[in-house]
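Participant: Quick one: the structure is below, questions incoming.
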Amino acid sequence: MTAHLGIDIPNEAATRDYLAQIRRNLYHDLTLPESGIEIKAKKISLIDMAERGGLPDTLSQLVSDQATADGKVKIDVGSILDQIEDVAGLYNGMCLAGIIYPPLAEESDEDHLGVREIPFNDRQWFFNWCNGEATALTQFRDEQVEPDQDSSDSENIRETAV
């Protein structure tokens, strides 16, 4: 280790090993549920797709309209379903960007599986896996109910924090 600005910096070999470990932790072994295709993939978000220019133009505006200040995206499934061709393009783009193995391409050839060879339900599943937190949050928000106005018991409310 060498010191730089008072910080211990590992040697080059240790740094390469550490970077390899980080990268291994970014990838997940998954099995697509409909086709049974085993894949190695990384989770990516709609924001990642937008950064790469991988969103269809009509969805780029939809995502930017729904992006919050913290970079998360509130998914409005109803609006997305109105644009099914763009949704399929988004699913395809998410698969192309996130599936590391087997090698994917827009069109199949002897070295690549064509993204459309993967059943639509598997592409949709992969998209949902990548966006699981956003989907779960949307479902949670949809399930919330308004509090019962009569349930507050004003006698038990403290004036100051304990």
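Going through the structure tokens in order, the chains are called A, B, and so on, while each chain numbers its residues from 1 and the ligands are numbered from 1 in the order shown.
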For Ile100 (chain A), find every residue with an atom within 10 Å (counting only C-alpha atoms), except residues of its own chain fewer than 6 positions away, and show them as a VMD selection string.
Facilitator: chain A and resid 27 to 28 39 to 42
Participant: Go ahead and write the selection's residues with N, CA and C atoms as a compact mmCIF listing (two decimals), in the first residue's frame.
Facilitator:
```txt
# COMPACT_ATOMS: atom_id res chain seq x y z
N TYR A 27 -23.50 -8.35 -10.91
CA TYR A 27 -24.16 -9.26 -11.83
C TYR A 27 -24.91 -10.35 -11.07
N HIS A 28 -26.02 -10.76 -11.65
CA HIS A 28 -26.89 -11.75 -11.02
C HIS A 28 -27.16 -12.88 -12.00
N ILE A 39 -29.59 -16.52 -17.62
CA ILE A 39 -28.89 -15.30 -18.01
C ILE A 39 -28.00 -14.81 -16.88
N LYS A 40 -27.04 -14.00 -17.24
CA LYS A 40 -26.25 -13.22 -16.28
C LYS A 40 -26.62 -11.78 -16.60
N ALA A 41 -27.06 -11.06 -15.58
CA ALA A 41 -27.59 -9.72 -15.83
C ALA A 41 -27.23 -8.76 -14.71
N LYS A 42 -27.32 -7.49 -15.03
CA LYS A 42 -27.18 -6.46 -14.00
C LYS A 42 -28.47 -5.65 -13.97
```
Participant: Pick out the residues sitting within 8 Å of region 127-130 of chain A, and hand them over as a list in words; count only C-alpha atoms, and ignore anything fewer than 3 positions along from it in its own chain.
Facilitator: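 Those residues are Lys43, Ile44, Ser45, Tyr91, Met94, Cys95, Arg123, Gln124 and Thr135 of chain A.
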Participant: Residues of the last selection are to be written out with C-alpha atoms, as a PDB file, in the first residue's frame.
Facilitator:
```
ATOM      1  CA  LYS A  43     -29.989  -4.323 -12.646  1.00  0.00           C
ATOM      2  CA  ILE A  44     -30.459  -1.116 -14.547  1.00  0.00           C
ATOM      3  CA  SER A  45     -33.081   1.575 -14.145  1.00  0.00           C
ATOM      4  CA  TYR A  91     -38.234  -3.817 -22.742  1.00  0.00           C
ATOM      5  CA  MET A  94     -33.547  -2.903 -21.051  1.00  0.00           C
ATOM      6  CA  CYS A  95     -32.667  -6.492 -22.025  1.00  0.00           C
ATOM      7  CA  ARG A 123     -38.616  -9.365 -21.472  1.00  0.00           C
ATOM      8  CA  GLN A 124     -41.411  -7.859 -19.388  1.00  0.00           C
ATOM      9  CA  THR A 135     -43.043  -1.318  -8.951  1.00  0.00           C
TER      10      THR A 135
END
```
Participant: Between CA of Val115 (chain A) and CA of Leu96 (chain A), measure the distance and give it in Å to one decimal.
Facilitator: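 Spanning CA of Val115 (chain A) to CA of Leu96 (chain A) is a straight-line distance of 7.1 Å.
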